[in-house]
>>> print(open('start_36.tsv').read())   # TSV, C-alpha atoms and all ligand atoms
chain	number	residue	atom	x	y	z
A	5	MET	CA	0.00	0.00	0.00
A	6	LYS	CA	1.20	3.50	-0.81
A	7	GLU	CA	0.49	6.33	1.58
A	8	VAL	CA	0.62	10.04	0.89
A	9	ILE	CA	0.27	12.30	3.92
A	10	VAL	CA	-1.22	15.71	3.26
A	11	LYS	CA	-0.39	18.40	5.82
A	12	THR	CA	-2.55	21.50	5.73
A	13	SER	CA	-3.09	24.27	8.28
A	14	GLY	CA	-6.22	22.71	9.75
A	15	LYS	CA	-5.71	19.00	9.21
A	16	THR	CA	-3.18	16.31	8.40
A	17	TYR	CA	-4.65	13.32	6.60
A	18	PRO	CA	-3.58	10.21	4.72
A	19	ILE	CA	-4.34	9.15	1.17
A	20	TYR	CA	-4.09	5.36	1.00
A	21	ILE	CA	-3.53	3.96	-2.48
A	22	GLU	CA	-3.87	0.24	-3.02
A	23	SER	CA	-5.52	-1.99	-5.61
A	24	GLY	CA	-8.15	-3.95	-3.71
A	25	ILE	CA	-8.43	-1.64	-0.69
A	26	PHE	CA	-12.10	-1.02	-1.47
A	27	ASN	CA	-12.97	-4.62	-0.56
A	28	ARG	CA	-11.17	-4.22	2.78
A	29	LEU	CA	-12.89	-0.95	3.61
A	30	PRO	CA	-15.73	-2.36	5.72
A	31	ASP	CA	-13.07	-3.89	8.02
A	32	ILE	CA	-11.01	-0.69	7.96
A	33	CYS	CA	-14.13	1.31	8.87
A	34	GLN	CA	-14.88	-1.08	11.72
A	35	GLU	CA	-11.38	-0.55	13.08
A	36	ASN	CA	-11.40	3.24	12.75
A	37	TYR	CA	-14.95	4.57	12.81
A	38	SER	CA	-16.94	2.17	14.91
A	39	GLY	CA	-19.95	3.72	16.66
A	40	LYS	CA	-20.36	6.49	14.09
A	41	LYS	CA	-23.23	6.85	11.64
A	42	LEU	CA	-22.20	6.80	7.98
A	43	ALA	CA	-23.90	8.62	5.10
A	44	VAL	CA	-22.69	7.13	1.82
A	45	VAL	CA	-23.16	9.80	-0.86
A	46	THR	CA	-22.92	8.39	-4.36
A	47	ASP	CA	-24.45	8.75	-7.83
A	48	ASN	CA	-26.82	6.18	-9.31
A	49	ASN	CA	-24.18	4.60	-11.59
A	50	VAL	CA	-21.63	4.08	-8.84
A	51	TYR	CA	-24.32	2.99	-6.38
A	52	ASN	CA	-25.45	0.22	-8.75
A	53	ILE	CA	-21.92	-1.03	-9.46
A	54	TYR	CA	-20.31	-0.65	-6.01
A	55	GLY	CA	-22.48	1.24	-3.55
A	56	LYS	CA	-25.26	-1.23	-2.90
A	57	THR	CA	-22.91	-4.04	-1.83
A	58	PHE	CA	-20.70	-1.62	0.07
A	59	VAL	CA	-23.62	-0.33	2.14
A	60	LYS	CA	-24.73	-3.89	2.85
A	61	LYS	CA	-21.23	-4.89	4.02
A	62	LEU	CA	-21.02	-1.85	6.29
A	63	GLU	CA	-24.36	-2.78	7.81
A	64	GLN	CA	-23.09	-6.30	8.39
A	65	LYS	CA	-20.22	-4.75	10.36
A	66	GLY	CA	-22.80	-3.13	12.63
A	67	PHE	CA	-22.86	0.41	11.16
A	68	PHE	CA	-25.96	2.55	10.87
A	69	VAL	CA	-25.68	3.58	7.21
A	70	ILE	CA	-27.83	5.73	4.97
A	71	PRO	CA	-27.17	5.73	1.23
A	72	ILE	CA	-27.78	9.15	-0.35
A	73	ILE	CA	-28.05	8.63	-4.10
A	74	PHE	CA	-28.34	11.30	-6.77
A	75	GLU	CA	-28.58	11.11	-10.55
A	76	ALA	CA	-25.09	11.10	-12.09
A	77	GLY	CA	-23.78	14.11	-13.96
A	78	GLU	CA	-22.42	17.62	-13.54
A	79	LYS	CA	-25.92	19.04	-14.04
A	80	ASN	CA	-26.85	17.63	-10.64
A	81	LYS	CA	-23.90	19.15	-8.80
A	82	ASN	CA	-26.18	21.88	-7.59
A	83	LEU	CA	-28.00	23.34	-4.61
A	84	VAL	CA	-31.03	21.08	-5.11
A	85	THR	CA	-28.97	17.91	-4.68
A	86	LEU	CA	-26.98	19.51	-1.86
A	87	THR	CA	-30.24	20.28	-0.05
A	88	SER	CA	-31.35	16.68	-0.44
A	89	ILE	CA	-28.11	15.60	1.28
A	90	TYR	CA	-28.74	18.04	4.16
A	91	ASP	CA	-32.33	16.75	4.44
A	92	ALA	CA	-31.20	13.14	4.75
A	93	LEU	CA	-28.53	14.01	7.34
A	94	ALA	CA	-31.01	16.04	9.40
A	95	GLU	CA	-33.78	13.45	9.13
A	96	HIS	CA	-31.46	10.77	10.53
A	97	ALA	CA	-30.07	13.06	13.23
A	98	PHE	CA	-26.44	12.96	12.07
A	99	THR	CA	-24.07	14.71	14.47
A	100	ARG	CA	-20.72	16.41	13.97
A	101	SER	CA	-18.87	13.24	14.89
A	102	ASP	CA	-20.68	11.18	12.24
A	103	ILE	CA	-19.26	10.74	8.77
A	104	VAL	CA	-20.11	11.61	5.18
A	105	VAL	CA	-18.52	9.06	2.86
A	106	ALA	CA	-18.10	10.29	-0.73
A	107	LEU	CA	-18.05	7.26	-3.03
A	108	GLY	CA	-17.68	8.38	-6.63
A	109	GLY	CA	-16.06	10.77	-9.06
A	110	GLY	CA	-15.32	14.46	-8.71
A	111	VAL	CA	-18.96	15.48	-8.80
A	112	THR	CA	-19.75	13.28	-5.79
A	113	GLY	CA	-16.60	14.28	-3.87
A	114	ASP	CA	-17.13	18.01	-4.40
A	115	MET	CA	-20.77	17.94	-3.39
A	116	ALA	CA	-20.52	15.47	-0.49
A	117	GLY	CA	-17.50	17.45	0.76
A	118	LEU	CA	-19.47	20.70	0.74
A	119	ALA	CA	-22.28	18.99	2.65
A	120	ALA	CA	-19.76	17.69	5.21
A	121	ALA	CA	-18.12	21.13	5.47
A	122	THR	CA	-21.36	22.95	6.16
A	123	PHE	CA	-23.77	20.57	7.92
A	124	LEU	CA	-23.53	21.48	11.62
A	125	ARG	CA	-20.52	23.64	10.59
A	126	GLY	CA	-18.45	20.60	9.76
A	127	MET	CA	-18.59	16.86	10.22
A	128	GLY	CA	-16.49	13.80	9.41
A	129	TYR	CA	-15.65	13.32	5.73
A	130	ILE	CA	-14.04	10.39	3.95
A	131	GLN	CA	-13.38	10.11	0.25
A	132	ILE	CA	-13.40	6.98	-1.89
A	133	PRO	CA	-12.65	8.34	-5.37
A	134	SER	CA	-13.84	6.16	-8.24
A	135	THR	CA	-12.67	7.99	-11.38
A	136	LEU	CA	-9.06	8.63	-12.35
A	137	LEU	CA	-9.71	12.37	-12.23
A	138	ALA	CA	-10.98	12.09	-8.68
A	139	MET	CA	-8.03	9.87	-7.66
A	140	VAL	CA	-5.30	12.19	-8.96
A	141	ASP	CA	-7.00	15.53	-8.57
A	142	SER	CA	-10.34	16.30	-6.95
A	143	SER	CA	-9.92	14.11	-3.85
A	144	ILE	CA	-6.77	15.99	-2.84
A	145	GLY	CA	-6.59	19.50	-1.52
A	146	GLY	CA	-9.98	20.17	0.01
A	147	LYS	CA	-11.77	22.20	-2.64
A	148	VAL	CA	-15.46	21.34	-2.30
A	149	ALA	CA	-18.25	23.00	-4.25
A	150	VAL	CA	-21.50	22.99	-6.18
A	151	ASP	CA	-22.41	24.88	-9.35
A	152	LEU	CA	-24.87	27.70	-9.91
A	153	PRO	CA	-26.65	28.31	-13.22
A	154	GLN	CA	-24.27	31.28	-13.60
A	155	GLY	CA	-21.12	29.16	-13.40
A	156	LYS	CA	-19.23	26.15	-12.10
A	157	ASN	CA	-18.09	25.78	-8.49
A	158	LEU	CA	-19.45	29.19	-7.46
A	159	ILE	CA	-20.57	28.00	-4.01
A	160	GLY	CA	-17.75	26.27	-2.17
A	161	ALA	CA	-15.30	25.97	0.65
A	162	PHE	CA	-11.93	24.54	1.55
A	163	TYR	CA	-12.58	21.43	3.63
A	164	GLN	CA	-10.01	18.67	3.91
A	165	PRO	CA	-11.17	15.07	4.28
A	166	ASP	CA	-10.19	12.89	7.26
A	167	SER	CA	-8.88	10.15	4.95
A	168	VAL	CA	-8.87	9.21	1.30
A	169	TYR	CA	-9.04	5.56	0.21
A	170	THR	CA	-7.97	5.18	-3.41
A	171	ASP	CA	-8.47	1.85	-5.15
A	172	PRO	CA	-7.31	1.83	-8.80
A	173	MET	CA	-9.28	-1.38	-9.33
A	174	LEU	CA	-12.47	0.70	-9.29
A	175	LEU	CA	-11.29	2.12	-12.61
A	176	GLU	CA	-11.96	-1.17	-14.38
A	177	THR	CA	-15.56	-0.10	-14.87
A	178	ILE	CA	-15.07	3.45	-16.16
A	179	ASN	CA	-15.24	4.03	-19.91
A	180	ASP	CA	-12.25	4.96	-22.07
A	181	ARG	CA	-13.29	8.60	-22.42
A	182	CYS	CA	-13.58	9.05	-18.66
A	183	PHE	CA	-10.20	7.33	-18.21
A	184	SER	CA	-8.52	9.66	-20.73
A	185	ASP	CA	-10.12	12.58	-18.93
A	186	GLY	CA	-8.22	11.63	-15.77
A	187	MET	CA	-5.05	11.06	-17.79
A	188	ALA	CA	-5.19	14.73	-18.83
A	189	GLU	CA	-4.86	15.78	-15.16
A	190	LEU	CA	-2.22	13.14	-14.44
A	191	LEU	CA	-0.17	14.29	-17.43
A	192	LYS	CA	-0.68	17.90	-16.34
A	193	HIS	CA	1.09	17.12	-13.08
A	194	GLY	CA	4.03	15.80	-15.08
A	195	PHE	CA	4.04	18.84	-17.39
A	196	ILE	CA	4.18	21.33	-14.54
A	197	LYS	CA	6.32	19.50	-11.99
A	198	ASP	CA	7.86	16.18	-12.94
A	199	ILE	CA	9.63	15.39	-16.19
A	200	SER	CA	10.26	11.79	-15.15
A	201	LEU	CA	6.50	11.18	-14.78
A	202	TYR	CA	6.08	12.69	-18.25
A	203	GLU	CA	8.82	10.51	-19.70
A	204	LYS	CA	7.47	7.33	-18.18
A	205	LEU	CA	4.00	8.04	-19.49
A	206	VAL	CA	5.11	9.08	-22.93
A	207	ASN	CA	7.46	6.14	-23.40
A	208	ASN	CA	4.91	3.61	-22.23
A	209	GLU	CA	3.01	1.42	-24.62
A	210	TYR	CA	-0.48	2.65	-23.96
A	211	ASP	CA	-3.21	0.20	-23.43
A	212	ARG	CA	-5.33	0.37	-20.32
A	213	LYS	CA	-4.47	-3.14	-19.23
A	214	SER	CA	-0.70	-2.64	-19.17
A	215	LEU	CA	-1.04	0.86	-17.74
A	216	SER	CA	-3.15	-0.61	-14.93
A	217	GLU	CA	-0.18	-2.64	-13.76
A	218	ASN	CA	1.65	0.57	-12.79
A	219	LEU	CA	-1.34	2.67	-11.93
A	220	ASP	CA	-0.84	2.61	-8.14
A	221	GLU	CA	2.60	4.10	-8.75
A	222	TYR	CA	1.46	6.77	-11.22
A	223	ILE	CA	-1.45	7.78	-9.01
A	224	SER	CA	0.77	8.10	-5.97
A	225	VAL	CA	3.39	10.18	-7.85
A	226	SER	CA	0.61	12.39	-9.14
A	227	CYS	CA	-1.00	12.75	-5.68
A	228	ASN	CA	2.38	13.71	-4.27
A	229	ILE	CA	2.77	16.49	-6.81
A	230	LYS	CA	-0.63	17.92	-5.96
A	231	ARG	CA	0.08	17.42	-2.24
A	232	SER	CA	3.28	19.45	-2.40
A	233	ILE	CA	1.55	22.33	-4.19
A	234	VAL	CA	-1.49	22.31	-1.88
A	235	GLU	CA	0.71	22.25	1.23
A	236	GLU	CA	2.52	25.34	-0.01
A	237	ASP	CA	-0.63	27.27	-0.89
A	238	GLU	CA	-3.75	25.64	0.54
A	239	LYS	CA	-6.09	28.56	-0.19
A	240	ASP	CA	-5.09	29.05	-3.81
A	241	ASN	CA	-3.60	32.52	-3.55
A	242	GLY	CA	-0.34	31.77	-5.32
A	243	ILE	CA	1.52	28.68	-6.46
A	244	ARG	CA	-1.60	26.46	-6.38
A	245	GLN	CA	-2.68	28.31	-9.51
A	246	LEU	CA	-0.06	26.25	-11.34
A	247	LEU	CA	-2.62	23.45	-11.23
A	248	ASN	CA	-4.69	25.61	-13.57
A	249	PHE	CA	-2.28	24.89	-16.42
A	250	GLY	CA	-4.52	24.62	-19.49
A	251	HIS	CA	-7.60	25.63	-17.53
A	252	THR	CA	-7.92	29.28	-18.64
A	253	ILE	CA	-8.57	28.25	-22.23
A	254	GLY	CA	-10.08	24.89	-21.21
A	255	HIS	CA	-12.73	26.43	-18.97
A	256	ALA	CA	-13.55	28.99	-21.64
A	257	ILE	CA	-14.11	26.18	-24.16
A	258	GLU	CA	-16.35	24.32	-21.70
A	259	ARG	CA	-18.32	27.46	-21.01
A	260	VAL	CA	-18.83	28.29	-24.71
A	261	GLN	CA	-20.01	24.71	-25.30
A	262	ASN	CA	-22.33	25.09	-22.33
A	263	PHE	CA	-20.56	22.19	-20.57
A	264	SER	CA	-22.05	19.72	-23.02
A	265	GLY	CA	-19.30	19.42	-25.62
A	266	LEU	CA	-15.76	18.40	-24.77
A	267	SER	CA	-15.29	16.84	-21.35
A	268	HIS	CA	-13.21	18.73	-18.75
A	269	GLY	CA	-10.04	16.71	-19.43
A	270	GLU	CA	-10.46	17.09	-23.19
A	271	ALA	CA	-10.95	20.84	-22.88
A	272	ILE	CA	-7.86	21.30	-20.69
A	273	ALA	CA	-5.84	19.13	-23.08
A	274	ILE	CA	-6.58	21.67	-25.81
A	275	GLY	CA	-5.91	24.45	-23.29
A	276	MET	CA	-2.46	23.06	-22.36
A	277	ILE	CA	-1.44	22.80	-26.02
A	278	PHE	CA	-2.57	26.27	-27.03
A	279	ILE	CA	-1.27	28.09	-23.98
A	280	THR	CA	2.12	26.44	-24.55
A	281	LYS	CA	2.13	27.45	-28.21
A	282	LEU	CA	1.33	30.95	-27.05
A	283	THR	CA	4.08	31.14	-24.41
A	284	GLU	CA	6.52	29.59	-26.89
A	285	SER	CA	5.69	32.43	-29.27
A	286	MET	CA	6.37	34.92	-26.45
A	287	GLY	CA	9.75	33.34	-25.68
A	288	LEU	CA	8.61	32.21	-22.22
A	289	THR	CA	8.69	28.51	-23.08
A	290	GLU	CA	11.47	26.60	-24.80
A	291	LYS	CA	10.71	25.85	-28.42
A	292	GLY	CA	9.33	22.38	-29.10
A	293	GLU	CA	7.58	21.85	-25.75
A	294	ALA	CA	4.09	22.18	-27.23
A	295	GLU	CA	4.95	19.31	-29.59
A	296	LYS	CA	6.00	17.16	-26.62
A	297	ILE	CA	2.70	17.91	-24.91
A	298	ILE	CA	0.81	17.02	-28.07
A	299	LYS	CA	2.67	13.70	-28.30
A	300	ALA	CA	1.69	12.72	-24.76
A	301	LEU	CA	-1.94	13.81	-25.01
A	302	LYS	CA	-2.38	12.05	-28.35
A	303	LYS	CA	-1.05	8.85	-26.86
A	304	TYR	CA	-3.74	8.91	-24.16
A	305	LYS	CA	-6.48	9.53	-26.73
A	306	LEU	CA	-7.02	13.17	-25.86
A	307	PRO	CA	-7.93	15.72	-28.54
A	308	ILE	CA	-5.13	17.86	-29.91
A	309	THR	CA	-6.87	20.11	-32.42
A	310	TRP	CA	-8.92	23.22	-31.83
A	311	PRO	CA	-12.65	22.36	-31.79
A	312	GLU	CA	-15.20	23.97	-34.13
A	313	LEU	CA	-15.71	27.09	-32.07
A	314	ASN	CA	-15.85	30.79	-32.64
A	315	ILE	CA	-12.55	32.21	-31.35
A	316	ALA	CA	-14.23	35.47	-30.30
A	317	ASP	CA	-16.66	33.56	-28.05
A	318	VAL	CA	-13.80	31.74	-26.36
A	319	VAL	CA	-11.87	34.97	-25.86
A	320	LYS	CA	-15.01	36.56	-24.34
A	321	ALA	CA	-15.37	33.59	-21.98
A	322	ILE	CA	-11.73	33.94	-20.88
A	323	ALA	CA	-12.55	37.45	-19.65
A	324	LEU	CA	-15.10	35.89	-17.26
A	325	ASP	CA	-12.41	33.71	-15.70
A	326	LYS	CA	-12.25	33.85	-11.89
A	327	LYS	CA	-8.51	34.61	-12.18
A	328	ASN	CA	-9.18	37.81	-14.12
A	329	ARG	CA	-8.47	40.70	-11.76
A	330	SER	CA	-8.93	44.23	-13.12
A	331	GLY	CA	-7.98	43.38	-16.65
A	332	ARG	CA	-4.95	41.28	-15.73
A	333	ILE	CA	-4.93	37.53	-15.55
A	334	THR	CA	-2.59	35.06	-13.84
A	335	LEU	CA	-1.67	32.34	-16.26
A	336	ALA	CA	-0.09	28.98	-15.54
A	337	CYS	CA	2.42	27.95	-18.16
A	338	ILE	CA	5.63	25.95	-18.41
A	339	GLU	CA	9.20	27.03	-19.10
A	340	ARG	CA	9.82	23.46	-20.19
A	341	ILE	CA	8.31	20.09	-19.29
A	342	GLY	CA	8.52	19.64	-15.52
A	343	HIS	CA	8.94	23.36	-14.81
A	344	GLY	CA	5.69	25.23	-14.41
A	345	ARG	CA	5.53	28.92	-13.69
A	346	LEU	CA	2.95	31.65	-13.23
A	347	ILE	CA	2.87	34.79	-15.31
A	348	GLU	CA	0.68	37.85	-15.16
A	349	ILE	CA	-0.58	39.18	-18.43
A	350	GLU	CA	-2.95	41.92	-19.58
A	351	LEU	CA	-6.18	40.33	-20.72
A	352	LYS	CA	-6.06	42.40	-23.90
A	353	GLU	CA	-2.58	41.12	-24.72
A	354	LEU	CA	-3.70	37.54	-24.05
A	355	GLU	CA	-6.70	37.97	-26.32
A	356	ASP	CA	-4.58	39.36	-29.16
A	357	LYS	CA	-2.08	36.54	-28.84
A	358	ILE	CA	-4.81	33.89	-28.81
A	359	TYR	CA	-6.15	35.27	-32.07
A	360	GLY	CA	-2.62	35.16	-33.44
A	361	ILE	CA	-2.08	31.51	-32.44
A	362	LEU	CA	-5.48	30.22	-33.48
A	363	GLU	CA	-5.63	31.99	-36.78
A	364	ASP	CA	-2.18	30.59	-37.70
B	401	LIG	N1	-12.21	19.64	-5.98
B	401	LIG	C1	-11.28	19.72	-6.88
B	401	LIG	O1	-10.12	20.07	-6.59
B	401	LIG	C2	-11.59	19.33	-8.30
B	401	LIG	C3	-10.55	19.16	-9.23
B	401	LIG	C4	-10.88	18.76	-10.51
B	401	LIG	C5	-12.22	18.54	-10.85
B	401	LIG	N2	-13.19	18.71	-9.93
B	401	LIG	C6	-14.61	18.47	-10.25
B	401	LIG	O2	-14.74	17.08	-10.59
B	401	LIG	C7	-15.90	16.93	-11.40
B	401	LIG	C8	-15.60	15.95	-12.51
B	401	LIG	O3	-15.27	14.71	-11.92
B	401	LIG	P1	-15.44	13.33	-12.72
B	401	LIG	O4	-14.86	13.48	-14.06
B	401	LIG	O5	-14.95	12.26	-11.83
B	401	LIG	O6	-17.01	13.27	-12.96
B	401	LIG	P2	-18.19	12.40	-12.33
B	401	LIG	O7	-18.09	12.37	-10.87
B	401	LIG	O8	-19.45	12.94	-12.91
B	401	LIG	O9	-17.93	10.95	-12.90
B	401	LIG	C9	-17.99	10.75	-14.31
B	401	LIG	C10	-18.95	9.61	-14.65
B	401	LIG	O10	-18.33	8.38	-14.30
B	401	LIG	C11	-19.24	7.59	-13.54
B	401	LIG	N3	-18.42	6.78	-12.65
B	401	LIG	C12	-17.69	7.21	-11.60
B	401	LIG	N4	-16.94	6.22	-11.11
B	401	LIG	C13	-17.21	5.13	-11.86
B	401	LIG	C14	-16.73	3.80	-11.86
B	401	LIG	N5	-15.75	3.40	-11.02
B	401	LIG	N6	-17.24	2.95	-12.76
B	401	LIG	C15	-18.17	3.36	-13.64
B	401	LIG	N7	-18.64	4.59	-13.73
B	401	LIG	C16	-18.17	5.49	-12.84
B	401	LIG	C17	-20.15	8.56	-12.87
B	401	LIG	O11	-21.39	7.98	-12.54
B	401	LIG	C18	-20.28	9.65	-13.94
B	401	LIG	O12	-21.29	9.30	-14.84
B	401	LIG	C19	-16.28	18.32	-11.88
B	401	LIG	O13	-17.43	18.73	-11.21
B	401	LIG	C20	-15.10	19.21	-11.47
B	401	LIG	O14	-15.49	20.52	-11.17
B	401	LIG	C21	-12.91	19.10	-8.66
>>> encode(input="start_36.tsv", output="structure tokens")
Amino acid sequence: MKEVIVKTSGKTYPIYIESGIFNRLPDICQENYSGKKLAVVTDNNVYNIYGKTFVKKLEQKGFFVIPIIFEAGEKNKNLVTLTSIYDALAEHAFTRSDIVVALGGGVTGDMAGLAAATFLRGMGYIQIPSTLLAMVDSSIGGKVAVDLPQGKNLIGAFYQPDSVYTDPMLLETINDRCFSDGMAELLKHGFIKDISLYEKLVNNEYDRKSLSENLDEYISVSCNIKRSIVEEDEKDNGIRQLLNFGHTIGHAIERVQNFSGLSHGEAIAIGMIFITKLTESMGLTEKGEAEKIIKALKKYKLPITWPELNIADVVKAIALDKKNRSGRITLACIERIGHGRLIEIELKELEDKIYGILED
């Protein structure tokens, strides 16, 4: 078993990474959380594949468990579903020492985490991530949130879990597109912080089966990269913005497509390529790095060409970015693979350069 310890101002917690740990979790819970009530928050897909049996096994260990199931999808990461979680917790008289268990992808983790952060001003919170994106990204670092019609993640908090149990075997049931989505974030960690992770991934023969053999290792390296950044800047005021590499353009693409076109990982893949082409053209990135990024993303079946979209709409959406402060924007980029850096740029200059790159 691999263990990554995350130390933040309010809490120190472990991320356990082990193929097969999910099957041992009822025993682990009995050892660590006996006497507490558990609310297992999960979406309908994950509940049918894993949740139902999991809840039954926890009950057999003597736990009082309520499953809280919502319909899968980003469109349900909202205040209505959040309220239904609060209702269930209140109805069953959960207390601050009881535990919300998030079993699922990033949508589940973000929403269950916000419920745990706010119900009774904070209760126990355990994560069992079930997508690659959740394993390498959303389950680490304590950002919890729901969306508003006006935008993604507009209601949120920083709330670190008590423990994260990551079982790469749960990935056997996710589809290829969802897997590639997570690979975009895993590769991103290599691009900004770790050339050896990049090299291993790019030199690998890619098929999911052979990748799975080393997945515990890749996930733990990736978690460690995010851990180190989060520990330095938990509240996202500085270096944590490096994790937004590719996200300024990626989010704008998602927004223009009304979150129903490219997936998040696909959109940031395009974002990482085009921001690197842009910073190469400005002399901030060594020449040839965008091509290396393209090679890696292509290998993991991520898109590498600009989608059919009006450039002006994307540029307009960039101006709405949360990182836009009085006409200047902080941009994550790389000097070369493994060396991320933040730059500040006038929005107007960024817009002009994006036109230049995309019209090329
Ligand atoms: N908190 C953070 O730091 C952070 C970071 C990145 C992304 N996010 C958030 O994460 C969300 C995206 O996460 P996601 O891509 O995991 O989406 P998701 O949670 O919607 O999961 C994607 C799909 O996979 C299904 N699924 C999940 N696990 C499965 C499994 N093991 N087998 C079969 N199907 C499974 C789900 O039912 C869903 O349909 C977004 O809301 C994003 O804002 C948060």
>>> closest_atom_pairs(input="start_36.tsv", of="chain A", to="ligand LIG 401 (chain B)", cutoff="7 Å", atoms="all atoms listed in the file", output="tab-separated table")
residue	atom	partner	partner_atom	distance
A:Asp47	CA	B:LIG401	O11	5.7
A:Asn48	CA	B:LIG401	O11	6.6
A:Asn49	CA	B:LIG401	O11	4.5
A:Val50	CA	B:LIG401	O11	5.4
A:Ile53	CA	B:LIG401	N6	7.0
A:Ala76	CA	B:LIG401	O11	4.9
A:Gly77	CA	B:LIG401	O8	4.6
A:Glu78	CA	B:LIG401	O8	5.6
A:Lys81	CA	B:LIG401	O13	6.9
A:Gly108	CA	B:LIG401	N4	5.0
A:Gly109	CA	B:LIG401	O7	3.2
A:Gly110	CA	B:LIG401	O3	3.2
A:Val111	CA	B:LIG401	O7	3.8
A:Thr112	CA	B:LIG401	O7	5.4
A:Asp114	CA	B:LIG401	N1	5.4
A:Ser134	CA	B:LIG401	N4	4.2
A:Thr135	CA	B:LIG401	N4	4.6
A:Leu136	CA	B:LIG401	O5	6.9
A:Leu137	CA	B:LIG401	O5	5.3
A:Ala138	CA	B:LIG401	O5	5.1
A:Asp141	CA	B:LIG401	C3	5.1
A:Ser142	CA	B:LIG401	C2	3.5
A:Ser143	CA	B:LIG401	N1	6.4
A:Ile144	CA	B:LIG401	O1	6.5
A:Gly145	CA	B:LIG401	O1	6.2
A:Gly146	CA	B:LIG401	N1	6.4
A:Lys147	CA	B:LIG401	N1	4.2
A:Val148	CA	B:LIG401	N1	5.2
A:Lys156	CA	B:LIG401	O14	6.8
A:Asn157	CA	B:LIG401	O14	6.5
A:Leu174	CA	B:LIG401	N5	4.6
A:Leu175	CA	B:LIG401	N5	4.9
A:Glu176	CA	B:LIG401	N5	6.8
A:Thr177	CA	B:LIG401	N6	4.1
A:Ile178	CA	B:LIG401	C15	4.0
A:Asn179	CA	B:LIG401	C15	7.0
A:Cys182	CA	B:LIG401	C9	6.4
A:Asp185	CA	B:LIG401	O4	6.9
>>> residues_around(input="start_36.tsv", residues="Ser285 (chain A)", least_positions_apart="5", cutoff="10 Å", atoms="only C-alpha atoms", output="PyMOL selection string")
chain A and resi 279-280+290-291+357+360-361
>>> write_last_selection(input="start_36.tsv", atoms="C-alpha atoms", output="PDB file, in the frame of the given file")
ATOM      1  CA  ILE A 279      -1.270  28.090 -23.980  1.00  0.00           C
ATOM      2  CA  THR A 280       2.120  26.440 -24.550  1.00  0.00           C
ATOM      3  CA  GLU A 290      11.470  26.600 -24.800  1.00  0.00           C
ATOM      4  CA  LYS A 291      10.710  25.850 -28.420  1.00  0.00           C
ATOM      5  CA  LYS A 357      -2.080  36.540 -28.840  1.00  0.00           C
ATOM      6  CA  GLY A 360      -2.620  35.160 -33.440  1.00  0.00           C
ATOM      7  CA  ILE A 361      -2.080  31.510 -32.440  1.00  0.00           C
TER       8      ILE A 361
END
>>> residues_around(input="start_36.tsv", residues="Leu86 (chain A)", least_positions_apart="2", cutoff="8 Å", atoms="all atoms listed in the file", output="list in words")
Lys81, Asn82, Leu83, Val84, Ser88, Ile89, Tyr90, Met115, Ala116, Ala119 and Val150 of chain A
>>> atom_distance(input="start_36.tsv", atom1="CA of Ala321 (chain A)", atom2="CA of Ala256 (chain A)")
5.0 Å
>>> residues_around(input="start_36.tsv", residues="Ile358 (chain A)", least_positions_apart="4", cutoff="12 Å", atoms="all atoms listed in the file", output="list of chain:residue names")
A:Thr252, A:Ile253, A:Gly275, A:Ile277, A:Phe278, A:Ile279, A:Thr280, A:Lys281, A:Leu282, A:Thr283, A:Ser285, A:Met286, A:Trp310, A:Ile315, A:Ala316, A:Asp317, A:Val318, A:Val319, A:Lys320, A:Ile322, A:Leu351, A:Lys352, A:Glu353, A:Leu354, A:Leu362, A:Glu363, A:Asp364
>>> closest_residue(input="start_36.tsv", among="A:Asn241, A:Gln154, A:Gln261, A:Thr99", to="Met127 (chain A)", atoms="all atoms listed in the file")
A:Thr99
>>> atom_distance(input="start_36.tsv", atom1="CA of Leu246 (chain A)", atom2="CA of Ala336 (chain A)")
5.0 Å
>>> closest_residue(input="start_36.tsv", among="A:Gly186, A:Val260, A:Met173, A:Ala106", to="Glu217 (chain A)", atoms="all atoms listed in the file")
A:Met173
>>> closest_residue(input="start_36.tsv", among="A:Pro71, A:Gly344, A:Pro30, A:Gly66", to="Thr46 (chain A)", atoms="only C-alpha atoms")
A:Pro71
>>> axis_aligned_box(input="start_36.tsv", around="region 84-95 of chain A", padding_each_side="4 Å", output="JSON")
{"center_x": -30.4, "center_y": 17.1, "center_z": 2.1, "size_x": 14.8, "size_y": 15.9, "size_z": 22.5}
>>> residues_around(input="start_36.tsv", residues="Ile298 (chain A)", least_positions_apart="2", cutoff="10 Å", atoms="all atoms listed in the file", output="PyMOL selection string")
chain A and resi 273-274+276-278+293-296+300-303+306-309
>>> closest_residue(input="start_36.tsv", among="A:Pro172, A:Gly126, A:Gly155, A:Gly160", to="Phe26 (chain A)", atoms="only C-alpha atoms")
A:Pro172
>>> residues_near_point(input="start_36.tsv", point="(4.4, 8.7, -11.4)", cutoff="10 Å", atoms="all atoms listed in the file", output="PyMOL selection string")
chain A and resi 190-191+193-194+198-205+218-229
>>> residues_near_point(input="start_36.tsv", point="(-14.9, 7.3, -1.7)", cutoff="8 Å", atoms="all atoms listed in the file", output="list in words")
Val105, Ala106, Leu107, Gly108, Gly113, Ile130, Gln131, Ile132, Pro133, Ser134, Val168, Tyr169 and Thr170 of chain A
>>> closest_residue(input="start_36.tsv", among="A:Ile347, A:Ala149, A:Leu62, A:Leu124", to="Ile32 (chain A)", atoms="only C-alpha atoms")
A:Leu62
>>> atom_distance(input="start_36.tsv", atom1="CA of Gly331 (chain A)", atom2="CA of Ile349 (chain A)")
8.7 Å
